[in-house]
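**Student:** Pasting query_12.cif below, which is mmCIF, C-alpha atoms.
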```
data_model
loop_
_atom_site.label_atom_id
_atom_site.label_comp_id
_atom_site.auth_asym_id
_atom_site.auth_seq_id
_atom_site.Cartn_x
_atom_site.Cartn_y
_atom_site.Cartn_z
CA MET A 1 -34.88 27.37 -7.51
CA LYS A 2 -36.07 24.65 -5.14
CA GLY A 3 -34.67 22.01 -7.48
CA VAL A 4 -31.27 23.73 -7.47
CA LYS A 5 -31.21 23.79 -3.66
CA VAL A 6 -32.07 20.09 -3.54
CA ALA A 7 -29.28 19.41 -6.05
CA TYR A 8 -26.80 21.07 -3.69
CA LEU A 9 -28.09 18.94 -0.82
CA TYR A 10 -27.59 15.82 -2.94
CA ALA A 11 -24.03 16.91 -3.71
CA LEU A 12 -23.37 17.48 0.00
CA ALA A 13 -24.74 14.02 0.73
CA GLY A 14 -22.42 12.59 -1.93
CA PHE A 15 -19.45 14.33 -0.32
CA SER A 16 -20.42 12.91 3.09
CA LEU A 17 -20.96 9.47 1.60
CA LEU A 18 -17.45 9.35 0.14
CA LEU A 19 -15.86 10.86 3.26
CA LEU A 20 -17.44 8.43 5.71
CA ASN A 21 -16.69 5.50 3.42
CA GLY A 22 -13.18 6.84 2.86
CA TRP A 23 -11.48 4.79 5.55
CA ARG A 24 -10.99 2.16 2.83
CA MET A 25 -8.65 4.63 1.13
CA VAL A 26 -6.21 4.17 4.03
CA LEU A 27 -6.65 0.42 4.36
CA SER A 28 -2.87 0.00 4.17
CA VAL A 29 -2.66 1.11 7.81
CA PHE A 30 -4.04 -2.34 8.65
CA TYR A 31 -1.19 -4.16 6.88
CA SER A 32 1.45 -3.93 9.62
CA PRO A 33 -0.96 -4.74 12.49
CA LEU A 34 -2.26 -7.78 10.63
CA MET A 35 1.28 -8.94 9.90
CA ARG A 36 2.08 -8.68 13.61
CA VAL A 37 -1.07 -10.51 14.70
CA PHE A 38 -0.45 -13.43 12.35
CA GLY A 39 3.35 -13.42 12.56
CA LEU A 40 3.93 -12.62 8.88
CA THR A 41 7.23 -11.23 7.57
CA ALA A 42 6.25 -10.54 3.93
CA VAL A 43 3.64 -7.98 2.98
CA THR A 44 2.59 -9.69 -0.25
CA PRO A 45 0.02 -12.12 1.29
CA VAL A 46 -1.76 -9.22 3.02
CA ALA A 47 -1.46 -6.79 0.11
CA ALA A 48 -2.84 -9.44 -2.26
CA ALA A 49 -6.23 -8.31 -0.98
CA SER A 50 -5.80 -5.21 -3.16
CA ALA A 51 -5.72 -7.43 -6.22
CA VAL A 52 -8.87 -9.20 -5.07
CA TRP A 53 -10.45 -5.79 -4.47
CA GLY A 54 -9.50 -4.71 -7.98
CA LEU A 55 -10.85 -7.85 -9.61
CA ALA A 56 -14.18 -7.57 -7.80
CA SER A 57 -14.48 -3.88 -8.67
CA MET A 58 -13.55 -4.57 -12.27
CA LEU A 59 -16.41 -7.04 -12.56
CA ALA A 60 -18.87 -4.88 -10.63
CA SER A 61 -18.20 -1.53 -12.34
CA PRO A 62 -20.07 -2.13 -15.63
CA ILE A 63 -23.00 -3.56 -13.67
CA ALA A 64 -22.98 -0.57 -11.33
CA GLY A 65 -22.89 1.83 -14.29
CA ARG A 66 -25.83 0.14 -15.99
CA MET A 67 -27.67 0.09 -12.68
CA TYR A 68 -27.32 3.86 -12.43
CA ASP A 69 -28.44 4.45 -16.04
CA ARG A 70 -31.58 2.38 -15.47
CA LYS A 71 -32.51 2.92 -11.83
CA GLY A 72 -30.50 5.83 -10.47
CA PRO A 73 -28.20 5.75 -7.43
CA ALA A 74 -30.48 4.43 -4.66
CA LEU A 75 -30.47 0.76 -5.63
CA ALA A 76 -26.67 0.69 -5.98
CA LEU A 77 -26.24 2.21 -2.53
CA LEU A 78 -28.61 -0.33 -1.01
CA ALA A 79 -26.49 -3.12 -2.49
CA ALA A 80 -23.36 -1.40 -1.14
CA SER A 81 -24.88 -1.36 2.34
CA ILE A 82 -25.46 -5.11 2.29
CA LEU A 83 -21.92 -5.77 1.06
CA GLN A 84 -20.48 -3.60 3.82
CA ALA A 85 -22.16 -5.76 6.43
CA ILE A 86 -20.64 -8.85 4.80
CA SER A 87 -17.17 -7.26 4.70
CA GLY A 88 -17.24 -6.21 8.35
CA LEU A 89 -18.41 -9.63 9.50
CA ALA A 90 -15.70 -11.41 7.50
CA VAL A 91 -12.87 -9.39 9.07
CA TRP A 92 -14.36 -9.71 12.56
CA LEU A 93 -14.30 -13.52 12.21
CA MET A 94 -10.59 -13.50 11.26
CA ARG A 95 -9.64 -13.30 14.94
CA PHE A 96 -10.74 -16.90 15.47
CA TYR A 97 -8.51 -18.51 12.82
CA PRO A 98 -4.83 -18.87 11.93
CA TRP A 99 -3.62 -17.01 8.85
CA GLY A 100 -4.02 -20.03 6.57
CA SER A 101 -7.79 -19.81 7.09
CA ALA A 102 -8.14 -16.15 8.04
CA GLN A 103 -6.63 -14.96 4.77
CA TRP A 104 -9.68 -16.20 2.87
CA LEU A 105 -11.92 -14.08 5.06
CA TRP A 106 -9.56 -11.14 4.41
CA TYR A 107 -9.83 -11.72 0.67
CA ALA A 108 -13.64 -12.11 0.90
CA ALA A 109 -13.83 -8.74 2.64
CA ALA A 110 -11.60 -7.26 -0.06
CA ALA A 111 -13.92 -8.59 -2.77
CA ALA A 112 -16.89 -6.97 -1.05
CA ASN A 113 -14.95 -3.70 -0.71
CA GLY A 114 -14.11 -3.73 -4.40
CA ALA A 115 -17.77 -4.02 -5.35
CA ILE A 116 -18.65 -1.34 -2.79
CA ALA A 117 -16.14 1.09 -4.32
CA SER A 118 -17.70 0.67 -7.78
CA LEU A 119 -21.24 1.04 -6.49
CA LEU A 120 -20.36 4.24 -4.63
CA MET A 121 -18.48 5.89 -7.49
CA MET A 122 -21.04 4.89 -10.12
CA SER A 123 -23.72 6.45 -7.95
CA VAL A 124 -22.07 9.77 -7.09
CA SER A 125 -20.08 10.78 -10.19
CA PRO A 126 -22.78 10.38 -12.89
CA MET A 127 -25.31 11.99 -10.55
CA VAL A 128 -23.35 15.21 -10.03
CA ILE A 129 -22.63 15.48 -13.76
CA ALA A 130 -26.39 15.34 -14.39
CA LEU A 131 -27.28 17.72 -11.56
CA PHE A 132 -24.63 20.35 -12.38
CA PRO A 133 -24.05 20.28 -16.15
CA SER A 134 -22.62 23.80 -16.28
CA LYS A 135 -20.34 23.33 -13.25
CA ALA A 136 -19.57 19.63 -13.41
CA GLY A 137 -15.86 20.19 -12.78
CA TYR A 138 -16.51 22.00 -9.51
CA ALA A 139 -19.21 19.53 -8.46
CA LEU A 140 -16.99 16.51 -9.10
CA ALA A 141 -14.10 18.15 -7.28
CA PHE A 142 -16.33 18.86 -4.29
CA THR A 143 -17.69 15.33 -3.96
CA GLN A 144 -14.30 13.74 -4.62
CA THR A 145 -12.84 15.87 -1.85
CA GLY A 146 -14.72 13.53 0.47
CA ASN A 147 -12.44 10.72 -0.70
CA TYR A 148 -9.29 12.78 -0.35
CA LEU A 149 -10.12 14.11 3.10
CA SER A 150 -10.17 10.47 4.16
CA PHE A 151 -6.40 10.53 4.58
CA LEU A 152 -6.68 13.53 6.88
CA VAL A 153 -9.67 12.27 8.86
CA TRP A 154 -9.25 8.51 8.97
CA SER A 155 -5.47 8.10 9.19
CA PRO A 156 -5.03 9.62 12.67
CA ILE A 157 -8.18 7.87 13.89
CA ALA A 158 -6.92 4.53 12.58
CA TYR A 159 -3.45 4.94 14.07
CA ALA A 160 -4.92 5.99 17.44
CA LEU A 161 -7.37 3.10 17.61
CA LEU A 162 -4.86 0.51 16.40
CA ALA A 163 -2.53 1.55 19.21
CA SER A 164 -5.03 0.21 21.77
CA LEU A 165 -7.39 -2.11 19.87
CA ASP A 166 -6.94 -5.12 17.62
CA PRO A 167 -7.32 -4.51 13.86
CA PHE A 168 -10.49 -6.62 13.69
CA SER A 169 -12.37 -4.41 16.14
CA VAL A 170 -11.18 -1.22 14.43
CA TYR A 171 -12.27 -2.52 11.03
CA ALA A 172 -15.70 -3.48 12.39
CA THR A 173 -16.14 -0.02 13.95
CA PHE A 174 -15.26 1.73 10.69
CA THR A 175 -17.65 -0.56 8.82
CA ALA A 176 -20.53 0.35 11.12
CA VAL A 177 -19.99 4.07 10.44
CA SER A 178 -19.85 3.73 6.65
CA LEU A 179 -22.73 1.25 6.49
CA ALA A 180 -25.06 3.62 8.35
CA THR A 181 -24.06 6.52 6.09
CA THR A 182 -24.59 4.51 2.91
CA ALA A 183 -28.02 3.31 4.01
CA VAL A 184 -29.12 6.88 4.81
CA CYS A 185 -27.94 8.14 1.40
CA ALA A 186 -29.71 5.24 -0.34
CA ALA A 187 -32.96 6.44 1.22
CA ALA A 188 -32.23 10.10 0.39
CA TYR A 189 -31.50 9.38 -3.29
CA ARG A 190 -34.69 7.44 -3.98
CA ARG A 191 -36.12 10.25 -6.12
CA VAL A 192 -32.99 10.84 -8.19
CA ARG A 193 -33.41 9.51 -11.72
CA PRO A 194 -30.82 9.44 -14.53
CA GLU A 195 -31.25 11.59 -17.61
CA ALA A 196 -32.39 9.92 -20.81
CA SER A 197 -31.44 11.78 -23.95
CA GLY A 198 -32.87 9.21 -26.31
CA ARG A 199 -29.78 8.85 -28.47
CA THR A 200 -29.25 5.38 -29.87
CA SER A 201 -26.07 3.36 -29.70
CA ARG A 202 -25.67 3.86 -33.44
CA GLU A 203 -25.65 7.63 -32.93
CA LYS A 204 -23.05 7.24 -30.20
CA SER A 205 -20.77 5.32 -32.54
CA SER A 206 -20.66 8.33 -34.87
CA LEU A 207 -18.80 10.24 -32.16
CA GLY A 208 -15.81 7.94 -32.39
CA PHE A 209 -16.87 5.18 -30.00
CA PRO A 210 -15.50 2.64 -29.53
CA ARG A 211 -12.07 3.35 -31.07
CA MET A 212 -11.42 6.62 -29.25
CA PHE A 213 -12.84 5.23 -26.04
CA LEU A 214 -10.60 2.18 -26.28
CA LEU A 215 -7.54 4.41 -26.72
CA LEU A 216 -8.62 6.39 -23.67
CA LEU A 217 -8.93 3.16 -21.69
CA VAL A 218 -5.30 2.29 -22.41
CA LEU A 219 -4.20 5.56 -20.80
CA VAL A 220 -6.52 5.02 -17.86
CA PHE A 221 -5.07 1.56 -17.28
CA GLU A 222 -1.47 2.78 -17.24
CA ILE A 223 -1.93 5.78 -14.98
CA ALA A 224 -4.33 3.95 -12.67
CA ALA A 225 -1.76 1.19 -12.19
CA SER A 226 0.81 3.81 -11.30
CA SER A 227 -1.47 5.49 -8.76
CA THR A 228 -2.71 2.22 -7.28
CA ILE A 229 0.82 1.25 -6.29
CA VAL A 230 1.30 4.47 -4.33
CA LEU A 231 -2.16 4.39 -2.76
CA SER A 232 -1.98 0.71 -1.82
CA PHE A 233 1.26 1.16 0.12
CA ALA A 234 0.90 4.77 1.28
CA ALA A 235 1.25 4.01 5.00
CA PRO A 236 4.27 1.68 4.78
CA ILE A 237 5.96 3.95 2.22
CA PHE A 238 5.75 6.91 4.60
CA GLU A 239 6.78 4.63 7.47
CA GLU A 240 9.96 3.84 5.53
CA ILE A 241 10.70 7.39 4.39
CA CYS A 242 10.00 9.13 7.68
CA PRO A 243 8.90 6.69 10.41
CA GLN A 244 8.50 9.38 13.05
CA TRP A 245 6.27 11.48 10.80
CA ALA A 246 4.26 8.69 9.14
CA PRO A 247 0.85 9.44 10.76
CA ALA A 248 1.27 13.15 10.04
CA ALA A 249 2.36 12.40 6.47
CA MET A 250 -0.74 10.27 5.88
CA ALA A 251 -2.91 13.13 7.12
CA ALA A 252 -0.96 15.55 4.93
CA ALA A 253 -1.62 13.27 1.96
CA GLY A 254 -5.31 13.93 2.51
CA LEU A 255 -4.75 17.68 2.54
CA ALA A 256 -2.63 17.42 -0.59
CA GLN A 257 -5.43 15.59 -2.39
CA VAL A 258 -8.01 18.14 -1.26
CA ALA A 259 -5.81 20.94 -2.60
CA GLY A 260 -5.34 18.98 -5.81
CA ALA A 261 -9.09 18.45 -6.22
CA VAL A 262 -9.76 22.16 -5.76
CA ALA A 263 -7.02 23.07 -8.24
CA TRP A 264 -8.16 20.62 -10.90
CA GLY A 265 -11.81 21.56 -10.38
CA TYR A 266 -10.82 25.17 -11.07
CA LEU A 267 -8.74 24.21 -14.09
CA LEU A 268 -11.48 22.05 -15.59
CA GLU A 269 -13.72 25.11 -15.82
CA ARG A 270 -11.05 27.05 -17.72
CA VAL A 271 -8.79 24.60 -19.57
CA ASP A 272 -9.71 21.95 -22.12
CA VAL A 273 -9.74 18.59 -20.38
CA LEU A 274 -7.80 17.11 -23.32
CA LYS A 275 -4.89 19.39 -22.46
CA LEU A 276 -5.11 18.60 -18.75
CA ILE A 277 -4.76 14.84 -19.24
CA PRO A 278 -1.07 14.75 -20.35
CA ALA A 279 -0.21 17.62 -17.99
CA THR A 280 -1.63 15.68 -15.03
CA TYR A 281 0.22 12.52 -16.01
CA ALA A 282 3.51 14.41 -16.46
CA LEU A 283 3.29 15.92 -12.98
CA GLU A 284 2.59 12.49 -11.50
CA SER A 285 5.62 11.06 -13.32
CA ALA A 286 8.04 13.77 -12.21
CA SER A 287 6.98 13.81 -8.56
CA ALA A 288 7.17 10.00 -8.14
CA LEU A 289 10.51 9.73 -9.94
CA LEU A 290 12.14 12.49 -7.89
CA SER A 291 10.72 11.09 -4.65
CA ALA A 292 12.19 7.67 -5.41
CA ALA A 293 15.54 9.26 -6.21
CA LEU A 294 15.65 10.91 -2.76
CA PHE A 295 14.74 7.84 -0.70
CA GLY A 296 17.26 7.48 2.15
CA THR A 297 19.04 10.77 1.40
CA ASP A 298 16.52 13.54 2.09
CA ALA A 299 13.45 12.26 3.94
CA ALA A 300 11.67 15.62 4.09
CA LEU A 301 12.00 16.34 0.37
CA ALA A 302 11.18 12.76 -0.62
CA ALA A 303 8.00 12.92 1.49
CA ALA A 304 7.10 16.36 0.09
CA LEU A 305 7.44 15.11 -3.49
CA LEU A 306 5.30 12.10 -2.66
CA LEU A 307 2.68 14.49 -1.29
CA LEU A 308 2.83 16.32 -4.62
CA ARG A 309 2.15 12.98 -6.29
CA PHE A 310 -0.98 12.66 -4.13
CA ALA A 311 -2.07 16.17 -5.12
CA ALA A 312 -1.66 15.32 -8.80
CA PHE A 313 -3.57 12.08 -8.31
CA ALA A 314 -6.58 14.11 -7.13
CA GLY A 315 -6.93 15.49 -10.64
CA GLU A 316 -6.72 12.10 -12.29
CA PRO A 317 -10.29 10.81 -11.69
CA LEU A 318 -11.66 14.28 -12.44
CA VAL A 319 -10.12 14.53 -15.93
CA HIS A 320 -11.02 10.89 -16.66
CA THR A 321 -14.63 11.53 -15.69
CA MET A 322 -15.03 14.84 -17.53
CA VAL A 323 -13.51 13.62 -20.78
CA VAL A 324 -16.29 11.04 -21.23
CA PRO A 325 -19.25 13.44 -21.59
CA LYS A 326 -17.02 15.80 -23.60
CA LEU A 327 -16.23 13.21 -26.26
CA PHE A 328 -19.31 10.98 -26.13
CA GLY A 329 -22.13 13.11 -24.72
CA LYS A 330 -24.16 12.49 -21.58
CA ASP A 331 -26.25 9.61 -22.86
CA ALA A 332 -25.31 6.39 -21.02
CA VAL A 333 -22.56 8.23 -19.17
CA GLY A 334 -23.01 5.80 -16.28
CA SER A 335 -22.34 2.81 -18.51
CA LEU A 336 -19.25 4.37 -20.08
CA LEU A 337 -17.88 5.44 -16.72
CA GLY A 338 -18.61 1.94 -15.46
CA ILE A 339 -16.44 0.47 -18.20
CA GLN A 340 -13.74 3.03 -17.45
CA MET A 341 -13.91 2.20 -13.76
CA SER A 342 -13.62 -1.47 -14.67
CA VAL A 343 -10.32 -0.75 -16.41
CA VAL A 344 -9.11 1.18 -13.37
CA MET A 345 -9.88 -1.84 -11.26
CA LEU A 346 -8.22 -4.18 -13.75
CA SER A 347 -5.03 -2.25 -13.11
CA SER A 348 -5.68 -2.69 -9.40
CA VAL A 349 -5.62 -6.45 -9.82
CA LEU A 350 -2.04 -6.36 -11.07
CA ALA A 351 -0.50 -3.18 -9.67
CA PRO A 352 -0.59 -3.97 -5.91
CA LEU A 353 0.96 -7.38 -6.52
CA ALA A 354 3.62 -5.81 -8.73
CA GLY A 355 4.33 -3.17 -6.09
CA ALA A 356 4.51 -5.77 -3.31
CA ILE A 357 6.80 -8.05 -5.31
CA ALA A 358 9.06 -5.09 -6.15
CA ARG A 359 9.27 -4.19 -2.46
CA ASP A 360 9.94 -7.74 -1.28
CA ALA A 361 12.57 -8.29 -4.00
CA ALA A 362 14.42 -5.03 -3.34
CA GLY A 363 13.75 -4.87 0.39
CA SER A 364 12.52 -1.30 0.09
CA TYR A 365 9.37 0.53 -0.99
CA ARG A 366 11.62 2.72 -3.12
CA ALA A 367 11.32 0.05 -5.80
CA SER A 368 7.52 0.31 -5.63
CA VAL A 369 7.58 4.10 -6.05
CA LEU A 370 10.05 3.78 -8.92
CA LEU A 371 7.76 1.28 -10.65
CA SER A 372 4.90 3.75 -10.21
CA ALA A 373 6.99 6.51 -11.81
CA PHE A 374 7.78 4.42 -14.88
CA LEU A 375 4.10 3.56 -15.39
CA SER A 376 3.18 7.25 -15.12
CA LEU A 377 5.84 8.13 -17.67
CA ALA A 378 4.49 5.52 -20.09
CA ALA A 379 0.99 6.97 -19.70
CA THR A 380 2.31 10.48 -20.35
CA LEU A 381 4.09 9.50 -23.55
CA ASN A 382 1.08 7.54 -24.82
CA ALA A 383 -1.36 10.33 -23.92
CA LEU A 384 0.14 12.88 -26.31
CA PRO A 385 -0.91 11.25 -29.60
CA VAL A 386 -4.23 10.07 -28.16
CA VAL A 387 -5.39 13.48 -26.97
CA ARG A 388 -4.14 15.06 -30.20
CA SER A 389 -6.33 12.65 -32.14
CA ALA A 390 -9.28 13.21 -29.78
CA ALA A 391 -9.01 16.99 -30.19
CA LYS A 392 -9.50 16.59 -33.95
CA ALA A 393 -12.53 14.28 -33.59
CA PRO A 394 -16.08 15.68 -33.47
CA HIS A 395 -17.67 15.75 -30.06
CA GLU A 396 -20.67 17.16 -28.25
CA PRO A 397 -20.68 19.88 -25.62
CA THR A 398 -21.09 18.57 -22.12
CA SER A 399 -23.96 20.82 -21.17
CA ASP A 400 -26.45 23.47 -22.15
CA ARG A 401 -24.97 25.78 -19.45
CA ARG A 402 -28.06 25.52 -17.21
CA GLU A 403 -28.29 23.94 -13.80
CA ALA A 404 -30.42 20.82 -13.90
CA PRO A 405 -33.29 20.67 -11.43
CA CYS A 406 -33.99 17.45 -9.56
#
```
Is it possible to give me this structure as C-alpha cells?

**Tutor:**
Amino acid sequence: MKGVKVAYLYALAGFSLLLLNGWRMVLSVFYSPLMRVFGLTAVTPVAAASAVWGLASMLASPIAGRMYDRKGPALALLAASILQAISGLAVWLMRFYPWGSAQWLWYAAAAANGAIASLLMMSVSPMVIALFPSKAGYALAFTQTGNYLSFLVWSPIAYALLASLDPFSVYATFTAVSLATTAVCAAAYRRVRPEASGRTSREKSSLGFPRMFLLLLVLVFEIAASSTIVLSFAAPIFEEICPQWAPAAMAAAGLAQVAGAVAWGYLLERVDVLKLIPATYALESASALLSAALFGTDAALAAALLLLRFAAFAGEPLVHTMVVPKLFGKDAVGSLLGIQMSVVMLSSVLAPLAGAIARDAAGSYRASVLLSAFLSLAATLNALPVVRSAAKAPHEPTSDRREAPC
C-alpha cells in the first residue's frame, strides 16, 4: 500500500514538472515582442528556432529513452536542469547584440529547449506506464494535463509580464521557475528504477518490430507535423483570428487540452487504442479544415474550431504512447518511445518552417492552418490500413492488471 501511495506522489510530481516547465508550450508569445525589439517584419527568422528545437530534440530523444531504460528518470532530469540554465543565459545575453548576432543565441536556447523537452518526456511517460500498468491511460492523461494547463496558466502570465518587461527578462524568470522544479524532481526520482523484463531483442522482433513500428512512425510524423504548425503559431494565429480575445483564447486552448486529455484518458480505458488513432486524426483534420475555411468570416466559430483542434491534439500523444506497450510489450519501452519522440521532433524541424513560409507567402496564418489540415488528413487516410494490419498482428497485453509498487 505504501508503494502505491508513493507512486501517486511520483505521478503528482510528474504533473507539476510538466506544468512548471510548460511555459515553453506557449513560446510563440515571445515572437511578436522579439520582432518589435529587433525591428523584424517577417516571422520566419524568429520561428526558425522551432526547427532548431525539433532537430535537437530529434537527436536527444533516443539518448533520453536509453537513459531512462538504464538509469531511470533522475539522471535525465539533472541533465535537463543544466540545459535550462544554459538556455536562460543565452536569451538573457541577446539584449546586448543586434539581431544578426542575437539570433544565434536564440537558436542556441532553442537547441537546449529541444533536448530539455525530450529529457522531460522520456522521464515522465515511461515512468507512469511502469508505475500504473492497469491504469496507464488515466496516469498518462493526468501527467500530460500539466503540459496542457500551460496554456491556461502561462499565457496570461506571459502577456501580463511582456506588457511591462522586455522579453529577455520574462524568459529568464520563467527559466528560473522551471529549473528549480526540475532539479527538485531529479532529487525526488532518485529511487525510481525502470522495469527489466529480460526479453531479448530477438524476442521483440517476433512481435512485428521493426516493420509495424516503422509504419507507426510514418503516421506519427505526419500528424505531429500537422500539430506542430498549430502549436508553433498558436499566439499569432489567435491574434489574427480574434485580436481582442487572443490572450483569453490562448488560455482557453489550455482548458481545451485539459478536457481533451481527460476524455482520451477515459476512452483509452474502454476503447482499443488502435481504433482511437484514426478517430483522433480525423477529428484533428476536420476541426483545422473548418477553422481555416472560416478565417475572416466568423471569428468566434473559427476560434472555437481551433480550440477543438487543441482538444483533439491532447489525445494524440496519449494514443501514440499507449500503442507502443500494446504492440511491443513493456520491455525497452523508453527506447521505443525515444525513437518515436525523435520522429515527432523530426517533423518539428520541417513543420514550423513550412508553416512560417506559408504564412509569409500568403500574408495570413490561414495558410498555415490549412497546411496543418492537409497533413492531418494525410495521416488519417494512411492510418486506416496501418491500424487494420496492426490489429491482426500478435501483441502482448500491456499489464497484469496490478498496480506496480515503487

**Student:** Compare A:Ala79, A:Ile241, A:Val43, A:Ala90 by their minimum atom-to-atom distance to Gly355 in chain A, counting all atoms listed in the file, and give me the closest one.

**Tutor:**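 Closest candidate: A:Val43.
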
**Student:** Counting all atoms listed in the file, which residue out of A:Val323, A:Val37, A:Ala253, A:Val177 sits closest to Leu216 in chain A?

**Tutor:**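 Residue with the minimum atom-to-atom distance to Leu216 in chain A: A:Val323.
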
**Student:** Just so the selection is clear, what residues does the PyMOL selection byres ((chain A and resi 63) around 10) cover here, as a VMD selection string?

**Tutor:** chain A and resid 57 to 62 64 to 69 76 115 118 to 119 122 334 to 335 338 to 339 342

**Student:** Using 4 Å of padding on each side, determine the axis-aligned box around all atoms of range 58-62 of chain A present in the file and give its centre and edge lengths in Å to one decimal, as AutoDock Vina command-line options.

**Tutor:**
```
--center_x -16.8 --center_y -4.3 --center_z -13.1 --size_x 14.5 --size_y 13.5 --size_z 13.0
```

**Student:** Gly265 in chain A: which residues within 9 Å, counting all atoms listed in the file, same-chain residues fewer than 2 positions away excluded, as an MDAnalysis selection string?

**Tutor:** chainID A and resid 136:142 260:263 267:269 315 318

**Student:** Starting from the PyMOL selection byres ((chain A and resi 300-307) around 8), expand the selection into actual residues of this file and give them as a ChimeraX atom specification.

**Tutor:** /A:238,241-242,249,252-253,256,287-288,290-295,298-299,308-311

**Student:** Deliver the residues from the most recent selection as a file, using C-alpha atoms, as a compact mmCIF listing (two decimals), in the coordinates of the input.

**Tutor:**
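Okay, again-v4.txt is ready:
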```
# COMPACT_ATOMS: atom_id res chain seq x y z
CA PHE A 238 5.75 6.91 4.60
CA ILE A 241 10.70 7.39 4.39
CA CYS A 242 10.00 9.13 7.68
CA ALA A 249 2.36 12.40 6.47
CA ALA A 252 -0.96 15.55 4.93
CA ALA A 253 -1.62 13.27 1.96
CA ALA A 256 -2.63 17.42 -0.59
CA SER A 287 6.98 13.81 -8.56
CA ALA A 288 7.17 10.00 -8.14
CA LEU A 290 12.14 12.49 -7.89
CA SER A 291 10.72 11.09 -4.65
CA ALA A 292 12.19 7.67 -5.41
CA ALA A 293 15.54 9.26 -6.21
CA LEU A 294 15.65 10.91 -2.76
CA PHE A 295 14.74 7.84 -0.70
CA ASP A 298 16.52 13.54 2.09
CA ALA A 299 13.45 12.26 3.94
CA LEU A 308 2.83 16.32 -4.62
CA ARG A 309 2.15 12.98 -6.29
CA PHE A 310 -0.98 12.66 -4.13
CA ALA A 311 -2.07 16.17 -5.12
```

**Student:** When you count only C-alpha atoms, which of these residues is closest to Gly100 in chain A: A:Leu336, A:Val170, A:Leu346, A:Val46?

**Tutor:**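 Counting only C-alpha atoms, the residue closest to Gly100 in chain A is A:Val46.
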
**Student:** Between A:Pro33, A:Thr143, A:Asp360, A:Leu283, which one has atoms that come closest to Leu12 in chain A, using all atoms listed in the file?

**Tutor:**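 Ranked by minimum distance to Leu12 in chain A, first place goes to A:Thr143.
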
**Student:** Show me as a tab-separated table (two decimals) with C-alpha atoms, in the coordinates of the input the residues that reach within 8 Å of (-22.5, 8.8, -11.8), counting all atoms listed in the file and using the file's own coordinates.

**Tutor:**
```tsv
chain	number	residue	atom	x	y	z
A	65	GLY	CA	-22.89	1.83	-14.29
A	68	TYR	CA	-27.32	3.86	-12.43
A	73	PRO	CA	-28.20	5.75	-7.43
A	121	MET	CA	-18.48	5.89	-7.49
A	122	MET	CA	-21.04	4.89	-10.12
A	123	SER	CA	-23.72	6.45	-7.95
A	124	VAL	CA	-22.07	9.77	-7.09
A	125	SER	CA	-20.08	10.78	-10.19
A	126	PRO	CA	-22.78	10.38	-12.89
A	127	MET	CA	-25.31	11.99	-10.55
A	128	VAL	CA	-23.35	15.21	-10.03
A	129	ILE	CA	-22.63	15.48	-13.76
A	333	VAL	CA	-22.56	8.23	-19.17
A	334	GLY	CA	-23.01	5.80	-16.28
A	337	LEU	CA	-17.88	5.44	-16.72
```

**Student:** Compile the contact shell of Ala111 in chain A as a ChimeraX atom specification: residues with an atom at most 7 Å away, counting only C-alpha atoms, same-chain residues fewer than 4 positions apart removed.

**Tutor:** /A:52-53,56,107,115

**Student:** Please produce an output containing C-alpha atoms for each residue in the selection, written as an mmCIF file, in the coordinates of the input.

**Tutor:**
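File written: part-v5.cif
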```
data_model
loop_
_atom_site.group_PDB
_atom_site.id
_atom_site.type_symbol
_atom_site.label_atom_id
_atom_site.label_comp_id
_atom_site.auth_asym_id
_atom_site.auth_seq_id
_atom_site.Cartn_x
_atom_site.Cartn_y
_atom_site.Cartn_z
ATOM 1 C CA VAL A 52 -8.870 -9.200 -5.070
ATOM 2 C CA TRP A 53 -10.450 -5.790 -4.470
ATOM 3 C CA ALA A 56 -14.180 -7.570 -7.800
ATOM 4 C CA TYR A 107 -9.830 -11.720 0.670
ATOM 5 C CA ALA A 115 -17.770 -4.020 -5.350
#
```

**Student:** When distances are computed from only C-alpha atoms, which of A:Cys185, A:Ala49, A:Ala378, A:Ala112 shows the smallest separation from Pro278 in chain A?

**Tutor:**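 Under the stated criterion, the closest residue is A:Ala378.
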
**Student:** Using only C-alpha atoms, which of the listed residues (A:Arg24, A:Arg193, A:Lys5, A:Arg95) sits closest to Arg70 in chain A?

**Tutor:**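 Looking at the shortest contact to Arg70 in chain A, the residue is A:Arg193.
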
**Student:** One number please: CA of Ala180 in chain A to CA of Ser87 in chain A, in Å, one decimal.

**Tutor:**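 It comes out at 13.9 Å.
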
**Student:** Carefully work through the PyMOL selection byres ((chain A and resi 153) around 12) for this structure and note down the residues it includes, as number ranges by chain.

**Tutor:** A: 19-26, 145-152, 154-160, 247-248, 250-255, 258

**Student:** Neighbouring residues of Thr182 in chain A were defined as those with any atom within 10 Å, considering all atoms listed in the file; residues of the same chain fewer than 5 positions away were excluded. Please report them as a ChimeraX atom specification.

**Tutor:** /A:13-14,16-18,20-21,74,76-82,84,120,177,187-188

**Student:** Mind writing the picked residues with C-alpha atoms as a PDB file, keeping the file's coordinate frame?

**Tutor:**
```
ATOM      1  CA  ALA A  13     -24.740  14.020   0.730  1.00  0.00           C
ATOM      2  CA  GLY A  14     -22.420  12.590  -1.930  1.00  0.00           C
ATOM      3  CA  SER A  16     -20.420  12.910   3.090  1.00  0.00           C
ATOM      4  CA  LEU A  17     -20.960   9.470   1.600  1.00  0.00           C
ATOM      5  CA  LEU A  18     -17.450   9.350   0.140  1.00  0.00           C
ATOM      6  CA  LEU A  20     -17.440   8.430   5.710  1.00  0.00           C
ATOM      7  CA  ASN A  21     -16.690   5.500   3.420  1.00  0.00           C
ATOM      8  CA  ALA A  74     -30.480   4.430  -4.660  1.00  0.00           C
ATOM      9  CA  ALA A  76     -26.670   0.690  -5.980  1.00  0.00           C
ATOM     10  CA  LEU A  77     -26.240   2.210  -2.530  1.00  0.00           C
ATOM     11  CA  LEU A  78     -28.610  -0.330  -1.010  1.00  0.00           C
ATOM     12  CA  ALA A  79     -26.490  -3.120  -2.490  1.00  0.00           C
ATOM     13  CA  ALA A  80     -23.360  -1.400  -1.140  1.00  0.00           C
ATOM     14  CA  SER A  81     -24.880  -1.360   2.340  1.00  0.00           C
ATOM     15  CA  ILE A  82     -25.460  -5.110   2.290  1.00  0.00           C
ATOM     16  CA  GLN A  84     -20.480  -3.600   3.820  1.00  0.00           C
ATOM     17  CA  LEU A 120     -20.360   4.240  -4.630  1.00  0.00           C
ATOM     18  CA  VAL A 177     -19.990   4.070  10.440  1.00  0.00           C
ATOM     19  CA  ALA A 187     -32.960   6.440   1.220  1.00  0.00           C
ATOM     20  CA  ALA A 188     -32.230  10.100   0.390  1.00  0.00           C
TER      21      ALA A 188
END
```
